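Colleague: File work-v5.pdb follows (PDB, C-alpha atoms):
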```pdb
ATOM      1  CA  MET F   1      -9.572 101.240 -22.817  1.00  0.00           C
ATOM      2  CA  THR F   2      -8.186 102.560 -26.107  1.00  0.00           C
ATOM      3  CA  THR F   3      -5.067 104.430 -27.096  1.00  0.00           C
ATOM      4  CA  THR F   4      -5.249 108.060 -28.207  1.00  0.00           C
ATOM      5  CA  HIS F   5      -6.281 106.865 -31.675  1.00  0.00           C
ATOM      6  CA  THR F   6      -9.921 105.776 -31.563  1.00  0.00           C
ATOM      7  CA  HIS F   7     -10.621 105.640 -35.296  1.00  0.00           C
ATOM      8  CA  TYR F   8      -8.945 104.479 -38.446  1.00  0.00           C
ATOM      9  CA  ASP F   9      -8.005 107.283 -40.813  1.00  0.00           C
ATOM     10  CA  PRO F  10     -10.604 108.298 -43.444  1.00  0.00           C
ATOM     11  CA  LEU F  11      -8.812 106.574 -46.354  1.00  0.00           C
ATOM     12  CA  SER F  12      -8.540 103.273 -44.457  1.00  0.00           C
ATOM     13  CA  ARG F  13     -12.248 103.432 -43.600  1.00  0.00           C
ATOM     14  CA  ALA F  14     -13.247 104.275 -47.166  1.00  0.00           C
ATOM     15  CA  LEU F  15     -11.128 101.497 -48.674  1.00  0.00           C
ATOM     16  CA  HIS F  16     -12.449  98.988 -46.111  1.00  0.00           C
ATOM     17  CA  TRP F  17     -16.104  99.724 -46.875  1.00  0.00           C
ATOM     18  CA  LEU F  18     -15.605  99.971 -50.657  1.00  0.00           C
ATOM     19  CA  THR F  19     -13.908  96.573 -50.567  1.00  0.00           C
ATOM     20  CA  ALA F  20     -16.707  95.091 -48.452  1.00  0.00           C
ATOM     21  CA  VAL F  21     -19.391  96.352 -50.843  1.00  0.00           C
ATOM     22  CA  ALA F  22     -17.446  95.149 -53.902  1.00  0.00           C
ATOM     23  CA  VAL F  23     -16.944  91.664 -52.415  1.00  0.00           C
ATOM     24  CA  ILE F  24     -20.624  91.308 -51.492  1.00  0.00           C
ATOM     25  CA  ALA F  25     -21.813  92.576 -54.884  1.00  0.00           C
ATOM     26  CA  ALA F  26     -19.392  90.282 -56.752  1.00  0.00           C
ATOM     27  CA  PHE F  27     -20.598  87.318 -54.713  1.00  0.00           C
ATOM     28  CA  ILE F  28     -24.261  88.116 -55.364  1.00  0.00           C
ATOM     29  CA  LEU F  29     -23.633  88.576 -59.084  1.00  0.00           C
ATOM     30  CA  GLY F  30     -21.443  85.473 -59.350  1.00  0.00           C
ATOM     31  CA  PRO F  31     -22.792  83.654 -62.380  1.00  0.00           C
ATOM     32  CA  GLU F  32     -23.946  80.080 -61.852  1.00  0.00           C
ATOM     33  CA  HIS F  33     -22.588  77.473 -64.254  1.00  0.00           C
ATOM     34  CA  PHE F  34     -20.380  80.030 -65.996  1.00  0.00           C
ATOM     35  CA  GLY F  35     -17.840  77.482 -67.223  1.00  0.00           C
ATOM     36  CA  ARG F  36     -20.479  75.189 -68.730  1.00  0.00           C
ATOM     37  CA  GLU F  37     -22.177  78.105 -70.499  1.00  0.00           C
ATOM     38  CA  MET F  38     -18.837  79.279 -71.876  1.00  0.00           C
ATOM     39  CA  ARG F  39     -18.065  75.800 -73.212  1.00  0.00           C
ATOM     40  CA  GLN F  40     -21.471  75.907 -74.912  1.00  0.00           C
ATOM     41  CA  GLY F  41     -20.437  79.077 -76.751  1.00  0.00           C
ATOM     42  CA  LEU F  42     -21.818  81.849 -74.535  1.00  0.00           C
ATOM     43  CA  ASP F  43     -20.094  85.187 -75.089  1.00  0.00           C
ATOM     44  CA  PRO F  44     -19.686  86.593 -71.559  1.00  0.00           C
ATOM     45  CA  ALA F  45     -19.954  90.149 -72.901  1.00  0.00           C
ATOM     46  CA  THR F  46     -23.650  89.436 -73.558  1.00  0.00           C
ATOM     47  CA  ARG F  47     -24.337  88.845 -69.849  1.00  0.00           C
ATOM     48  CA  ILE F  48     -24.226  91.908 -67.624  1.00  0.00           C
ATOM     49  CA  ASP F  49     -23.982  89.748 -64.483  1.00  0.00           C
ATOM     50  CA  ILE F  50     -20.749  88.211 -65.786  1.00  0.00           C
ATOM     51  CA  VAL F  51     -19.321  91.575 -66.861  1.00  0.00           C
ATOM     52  CA  LEU F  52     -20.194  93.118 -63.485  1.00  0.00           C
ATOM     53  CA  HIS F  53     -18.879  90.101 -61.562  1.00  0.00           C
ATOM     54  CA  GLU F  54     -15.542  90.193 -63.377  1.00  0.00           C
ATOM     55  CA  SER F  55     -15.278  93.997 -63.146  1.00  0.00           C
ATOM     56  CA  LEU F  56     -15.970  93.869 -59.419  1.00  0.00           C
ATOM     57  CA  GLY F  57     -13.353  91.135 -59.029  1.00  0.00           C
ATOM     58  CA  VAL F  58     -10.745  93.347 -60.682  1.00  0.00           C
ATOM     59  CA  LEU F  59     -11.887  96.210 -58.444  1.00  0.00           C
ATOM     60  CA  VAL F  60     -11.471  94.016 -55.337  1.00  0.00           C
ATOM     61  CA  MET F  61      -7.933  93.122 -56.424  1.00  0.00           C
ATOM     62  CA  ALA F  62      -7.054  96.781 -57.115  1.00  0.00           C
ATOM     63  CA  LEU F  63      -8.559  97.982 -53.826  1.00  0.00           C
ATOM     64  CA  THR F  64      -6.749  95.248 -51.904  1.00  0.00           C
ATOM     65  CA  LEU F  65      -3.390  96.129 -53.432  1.00  0.00           C
ATOM     66  CA  LEU F  66      -4.031  99.825 -52.738  1.00  0.00           C
ATOM     67  CA  ARG F  67      -5.025  98.994 -49.158  1.00  0.00           C
ATOM     68  CA  LEU F  68      -1.863  96.954 -48.638  1.00  0.00           C
ATOM     69  CA  LEU F  69       0.233  99.889 -49.855  1.00  0.00           C
ATOM     70  CA  TRP F  70      -1.698 102.256 -47.582  1.00  0.00           C
ATOM     71  CA  VAL F  71      -1.278  99.953 -44.560  1.00  0.00           C
ATOM     72  CA  ALA F  72       2.482 100.294 -44.991  1.00  0.00           C
ATOM     73  CA  VAL F  73       2.419 104.105 -44.746  1.00  0.00           C
ATOM     74  CA  ARG F  74      -0.834 105.097 -43.027  1.00  0.00           C
ATOM     75  CA  PRO F  75      -1.112 106.807 -39.657  1.00  0.00           C
ATOM     76  CA  ALA F  76      -1.202 104.637 -36.550  1.00  0.00           C
ATOM     77  CA  GLN F  77      -4.224 102.380 -36.324  1.00  0.00           C
ATOM     78  CA  PRO F  78      -6.327 102.202 -33.169  1.00  0.00           C
ATOM     79  CA  SER F  79      -5.370  99.636 -30.570  1.00  0.00           C
ATOM     80  CA  PHE F  80      -7.719  98.145 -28.013  1.00  0.00           C
ATOM     81  CA  ASP F  81      -7.112  96.271 -24.788  1.00  0.00           C
ATOM     82  CA  MET F  82      -8.279  92.685 -25.151  1.00  0.00           C
ATOM     83  CA  PRO F  83      -7.234  89.239 -23.970  1.00  0.00           C
ATOM     84  CA  ALA F  84      -4.328  87.612 -25.803  1.00  0.00           C
ATOM     85  CA  TRP F  85      -6.530  84.891 -27.323  1.00  0.00           C
ATOM     86  CA  MET F  86      -8.856  87.537 -28.763  1.00  0.00           C
ATOM     87  CA  ARG F  87      -5.971  89.540 -30.218  1.00  0.00           C
ATOM     88  CA  ILE F  88      -4.556  86.356 -31.809  1.00  0.00           C
ATOM     89  CA  ALA F  89      -7.982  85.403 -33.209  1.00  0.00           C
ATOM     90  CA  SER F  90      -8.407  88.936 -34.554  1.00  0.00           C
ATOM     91  CA  LYS F  91      -4.994  88.948 -36.249  1.00  0.00           C
ATOM     92  CA  ALA F  92      -5.565  85.458 -37.686  1.00  0.00           C
ATOM     93  CA  THR F  93      -8.966  86.438 -39.095  1.00  0.00           C
ATOM     94  CA  GLN F  94      -7.593  89.657 -40.558  1.00  0.00           C
ATOM     95  CA  GLY F  95      -4.660  87.785 -42.079  1.00  0.00           C
ATOM     96  CA  LEU F  96      -6.984  85.218 -43.650  1.00  0.00           C
ATOM     97  CA  LEU F  97      -9.211  87.988 -45.001  1.00  0.00           C
ATOM     98  CA  TRP F  98      -6.215  89.697 -46.622  1.00  0.00           C
ATOM     99  CA  LEU F  99      -5.147  86.386 -48.124  1.00  0.00           C
ATOM    100  CA  MET F 100      -8.657  85.687 -49.416  1.00  0.00           C
ATOM    101  CA  LEU F 101      -8.992  89.190 -50.883  1.00  0.00           C
ATOM    102  CA  LEU F 102      -5.997  88.341 -53.044  1.00  0.00           C
ATOM    103  CA  ALA F 103      -6.667  84.635 -53.625  1.00  0.00           C
ATOM    104  CA  VAL F 104     -10.248  84.959 -54.880  1.00  0.00           C
ATOM    105  CA  PRO F 105      -9.443  87.317 -57.798  1.00  0.00           C
ATOM    106  CA  VAL F 106      -6.244  85.401 -58.612  1.00  0.00           C
ATOM    107  CA  SER F 107      -8.209  82.132 -58.730  1.00  0.00           C
ATOM    108  CA  ALA F 108     -10.675  83.800 -61.115  1.00  0.00           C
ATOM    109  CA  ILE F 109      -7.896  84.856 -63.461  1.00  0.00           C
ATOM    110  CA  LEU F 110      -6.411  81.353 -63.277  1.00  0.00           C
ATOM    111  CA  THR F 111      -9.849  79.926 -64.086  1.00  0.00           C
ATOM    112  CA  LEU F 112     -10.338  82.152 -67.119  1.00  0.00           C
ATOM    113  CA  GLY F 113      -6.789  81.642 -68.389  1.00  0.00           C
ATOM    114  CA  SER F 114      -6.668  77.883 -67.883  1.00  0.00           C
ATOM    115  CA  GLU F 115     -10.093  77.312 -69.464  1.00  0.00           C
ATOM    116  CA  GLY F 116      -9.527  79.725 -72.360  1.00  0.00           C
ATOM    117  CA  HIS F 117     -12.359  82.096 -71.404  1.00  0.00           C
ATOM    118  CA  PRO F 118     -12.094  85.850 -71.972  1.00  0.00           C
ATOM    119  CA  LEU F 119     -11.997  88.404 -69.179  1.00  0.00           C
ATOM    120  CA  THR F 120     -14.811  90.854 -69.876  1.00  0.00           C
ATOM    121  CA  LEU F 121     -15.029  94.165 -68.054  1.00  0.00           C
ATOM    122  CA  LEU F 122     -17.206  97.236 -68.045  1.00  0.00           C
ATOM    123  CA  GLY F 123     -16.446  99.710 -70.815  1.00  0.00           C
ATOM    124  CA  GLY F 124     -16.033  96.948 -73.377  1.00  0.00           C
ATOM    125  CA  ILE F 125     -12.600  95.972 -72.084  1.00  0.00           C
ATOM    126  CA  ARG F 126     -11.854  92.394 -73.017  1.00  0.00           C
ATOM    127  CA  VAL F 127      -8.838  90.118 -72.712  1.00  0.00           C
ATOM    128  CA  ASN F 128      -9.541  87.186 -75.026  1.00  0.00           C
ATOM    129  CA  GLU F 129      -6.534  85.014 -74.281  1.00  0.00           C
ATOM    130  CA  MET F 130      -4.107  84.533 -71.426  1.00  0.00           C
ATOM    131  CA  PRO F 131      -1.446  82.262 -72.929  1.00  0.00           C
ATOM    132  CA  PHE F 132       0.911  82.878 -70.002  1.00  0.00           C
ATOM    133  CA  ILE F 133      -1.627  80.965 -67.882  1.00  0.00           C
ATOM    134  CA  ALA F 134      -3.048  78.542 -70.465  1.00  0.00           C
ATOM    135  CA  GLN F 135       0.406  77.309 -71.469  1.00  0.00           C
ATOM    136  CA  SER F 136       1.811  77.094 -67.953  1.00  0.00           C
ATOM    137  CA  VAL F 137       2.054  74.215 -65.517  1.00  0.00           C
ATOM    138  CA  ILE F 138      -0.210  76.071 -63.096  1.00  0.00           C
ATOM    139  CA  ALA F 139      -3.188  75.708 -65.457  1.00  0.00           C
ATOM    140  CA  GLU F 140      -3.255  71.958 -64.795  1.00  0.00           C
ATOM    141  CA  MET F 141      -2.552  72.112 -61.059  1.00  0.00           C
ATOM    142  CA  ALA F 142      -6.203  72.417 -59.992  1.00  0.00           C
ATOM    143  CA  ASP F 143      -9.745  72.866 -61.178  1.00  0.00           C
ATOM    144  CA  TRP F 144      -9.478  76.632 -60.788  1.00  0.00           C
ATOM    145  CA  GLY F 145     -13.210  77.159 -61.331  1.00  0.00           C
ATOM    146  CA  GLU F 146     -14.000  74.905 -58.378  1.00  0.00           C
ATOM    147  CA  MET F 147     -11.253  76.584 -56.365  1.00  0.00           C
ATOM    148  CA  HIS F 148     -12.669  80.031 -57.174  1.00  0.00           C
ATOM    149  CA  GLU F 149     -16.132  78.950 -56.057  1.00  0.00           C
ATOM    150  CA  LEU F 150     -14.750  77.437 -52.847  1.00  0.00           C
ATOM    151  CA  LEU F 151     -12.711  80.560 -52.072  1.00  0.00           C
ATOM    152  CA  GLY F 152     -15.671  82.814 -52.889  1.00  0.00           C
ATOM    153  CA  ASN F 153     -17.851  80.951 -50.406  1.00  0.00           C
ATOM    154  CA  ALA F 154     -15.058  80.940 -47.825  1.00  0.00           C
ATOM    155  CA  ILE F 155     -14.509  84.698 -48.014  1.00  0.00           C
ATOM    156  CA  MET F 156     -18.212  85.273 -47.405  1.00  0.00           C
ATOM    157  CA  TRP F 157     -18.170  83.029 -44.312  1.00  0.00           C
ATOM    158  CA  LEU F 158     -15.005  84.657 -43.038  1.00  0.00           C
ATOM    159  CA  SER F 159     -16.406  88.141 -43.693  1.00  0.00           C
ATOM    160  CA  GLY F 160     -19.541  87.159 -41.787  1.00  0.00           C
ATOM    161  CA  LEU F 161     -17.423  86.008 -38.851  1.00  0.00           C
ATOM    162  CA  HIS F 162     -15.538  89.310 -39.007  1.00  0.00           C
ATOM    163  CA  ALA F 163     -18.828  91.246 -38.929  1.00  0.00           C
ATOM    164  CA  VAL F 164     -20.246  89.167 -36.053  1.00  0.00           C
ATOM    165  CA  ALA F 165     -17.053  89.771 -34.055  1.00  0.00           C
ATOM    166  CA  ALA F 166     -17.298  93.520 -34.685  1.00  0.00           C
ATOM    167  CA  ILE F 167     -20.919  93.515 -33.521  1.00  0.00           C
ATOM    168  CA  TYR F 168     -19.937  91.469 -30.438  1.00  0.00           C
ATOM    169  CA  HIS F 169     -17.275  94.047 -29.617  1.00  0.00           C
ATOM    170  CA  HIS F 170     -19.843  96.818 -30.011  1.00  0.00           C
ATOM    171  CA  ARG F 171     -22.822  95.308 -28.201  1.00  0.00           C
ATOM    172  CA  VAL F 172     -21.206  93.121 -25.531  1.00  0.00           C
ATOM    173  CA  LEU F 173     -17.705  94.455 -24.901  1.00  0.00           C
ATOM    174  CA  LYS F 174     -18.544  98.088 -25.750  1.00  0.00           C
ATOM    175  CA  ASP F 175     -14.876  98.668 -26.524  1.00  0.00           C
ATOM    176  CA  GLY F 176     -15.036 100.863 -29.633  1.00  0.00           C
ATOM    177  CA  VAL F 177     -13.677  98.280 -32.094  1.00  0.00           C
ATOM    178  CA  LEU F 178     -16.643  98.601 -34.465  1.00  0.00           C
ATOM    179  CA  LEU F 179     -16.822 102.370 -34.060  1.00  0.00           C
ATOM    180  CA  SER F 180     -13.152 102.651 -35.061  1.00  0.00           C
ATOM    181  CA  MET F 181     -14.134 101.748 -38.636  1.00  0.00           C
ATOM    182  CA  LEU F 182     -16.996 104.273 -38.731  1.00  0.00           C
ATOM    183  CA  PRO F 183     -16.708 108.060 -39.051  1.00  0.00           C
ATOM    184  CA  PRO F 184     -16.205 109.806 -35.698  1.00  0.00           C
ATOM    185  CA  ARG F 185     -19.344 111.264 -34.202  1.00  0.00           C
ATOM    186  CA  GLY F 186     -19.529 114.810 -34.332  1.00  0.00           C
TER
END
```
Could you render the structure from this file as structure tokens?
Modeller:
Amino acid sequence: MTTTHTHYDPLSRALHWLTAVAVIAAFILGPEHFGREMRQGLDPATRIDIVLHESLGVLVMALTLLRLLWVAVRPAQPSFDMPAWMRIASKATQGLLWLMLLAVPVSAILTLGSEGHPLTLLGGIRVNEMPFIAQSVIAEMADWGEMHELLGNAIMWLSGLHAVAAIYHHRVLKDGVLLSMLPPRG
């Protein structure tokens, strides 16, 4: 049912799971009413949930860019026999996930830059102003905070669909799709 490659390479698996954990943690730590609190004078560096959320967002962006580079040069990925509609649905979901993994952090940076909030990261790293965003046309194109929230919710739903499909492949189809992203048994 599968080609000679039954598993993704170790780096692909590690980057996949690190990204998944970072996305889930960032979502859980996503501060409620962040924009309102900032307008009321809150220094985000005083809130560990904000610092962790923003640090994890930067990590997600870095991991995604690294993954995209690795996809271009990595060893062959596993391939599984499945109906055309399932292959199309799989590729569409994966494509949307890649897009969301980039769009969510970008929307966060656009939010911070357009609203004049600092980016605060672990280690005391802080970017107070982003004039290249604040003074650009893009700052006024949308309510980037609302967009970030919408995209954050969407990536969680899409990730859940991705996980349910992997479990379906494992439990119902028994085709090795889920196992391909886990370490080989030994």
Colleague: Could you list, as a list in words, every residue within 12 Å of stretch 83-92 of chain F, counting all atoms listed in the file and ignoring same-chain residues fewer than 5 positions away?
Modeller: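 What passes the distance filter is Leu97, Trp98, Leu99, Leu158, Leu161, His162, Ala163, Val164, Ala165, Ala166, Tyr168, His169, Leu173 and Val177 of chain F.
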Colleague: Contacts of F:Gly35 at 12 Å or less, counting all atoms listed in the file, minus same-chain residues fewer than 6 places along, as a PyMOL selection string?
Modeller: chain F and resi 41-44+50+108+111-118+143-146+148-149
Colleague: Place a sphere of radius 9 Å on (-13.0, 90.2, -66.3) in the file coordinates and name every protein, DNA or RNA residue with an atom inside or on its surface, counting all atoms listed in the file; give the answer as number ranges by chain.
Modeller: F: 50-58, 108-109, 112, 118-122, 125-127
Colleague: Return as AutoDock Vina command-line options the box centre and box size in Å, one decimal, for an axis-aligned box around all listed atoms of stretch 72-87 of chain F padded by 4 Å per side.
Modeller:
```
--center_x -3.2 --center_y 95.8 --center_z -34.5 --size_x 19.3 --size_y 29.9 --size_z 29.0
```
Colleague: Which of these residues is nearest to F:Asp9, using only C-alpha atoms: F:Ile28, F:Val71, F:Ala134, F:Leu150?
Modeller: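 Looking at the shortest contact to F:Asp9, the residue is F:Val71.
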Colleague: Between atom CA of F:Leu66 and atom CA of F:Leu151, what is the distance in Å, rounded to a tenth?
Modeller: 21.1 Å
Colleague: What do you get, as a compact mmCIF listing (two decimals) with C-alpha atoms, in the frame of the given file, if you spell out every residue that the PyMOL selection byres ((chain F and resi 14) around 12) selects here?
Modeller:
```
# COMPACT_ATOMS: atom_id res chain seq x y z
CA TYR F 8 -8.94 104.48 -38.45
CA ASP F 9 -8.01 107.28 -40.81
CA PRO F 10 -10.60 108.30 -43.44
CA LEU F 11 -8.81 106.57 -46.35
CA SER F 12 -8.54 103.27 -44.46
CA ARG F 13 -12.25 103.43 -43.60
CA LEU F 15 -11.13 101.50 -48.67
CA HIS F 16 -12.45 98.99 -46.11
CA TRP F 17 -16.10 99.72 -46.88
CA LEU F 18 -15.60 99.97 -50.66
CA THR F 19 -13.91 96.57 -50.57
CA ALA F 20 -16.71 95.09 -48.45
CA VAL F 21 -19.39 96.35 -50.84
CA LEU F 63 -8.56 97.98 -53.83
CA LEU F 66 -4.03 99.82 -52.74
CA ARG F 67 -5.03 98.99 -49.16
CA TRP F 70 -1.70 102.26 -47.58
CA MET F 181 -14.13 101.75 -38.64
CA LEU F 182 -17.00 104.27 -38.73
CA PRO F 183 -16.71 108.06 -39.05
```
Colleague: What separation in Å, quoted to one decimal, exists between atom CA of F:Leu102 and atom CA of F:Thr64?
Modeller: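 If I compute the distance from atom CA of F:Leu102 to atom CA of F:Thr64, I get 7.0 Å.
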Colleague: Nearest to F:Ser159: which of F:Ile133, F:Ala25, F:Met100, F:Ile48 is it, counting only C-alpha atoms?
Modeller: F:Met100
Colleague: List the spatial neighbours of F:Pro184 as a ChimeraX atom specification - criterion: any atom at most 8 Å away, all atoms listed in the file, same-chain residues fewer than 3 positions off excluded.
Modeller: /F:7,179-180
Colleague: Could you please determine the separation between atom CA of F:Phe132 and atom CA of F:Gly152 in Å, to one decimal place?
Modeller: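 Atom CA of F:Gly152 lies at a distance of 23.8 Å from atom CA of F:Phe132.
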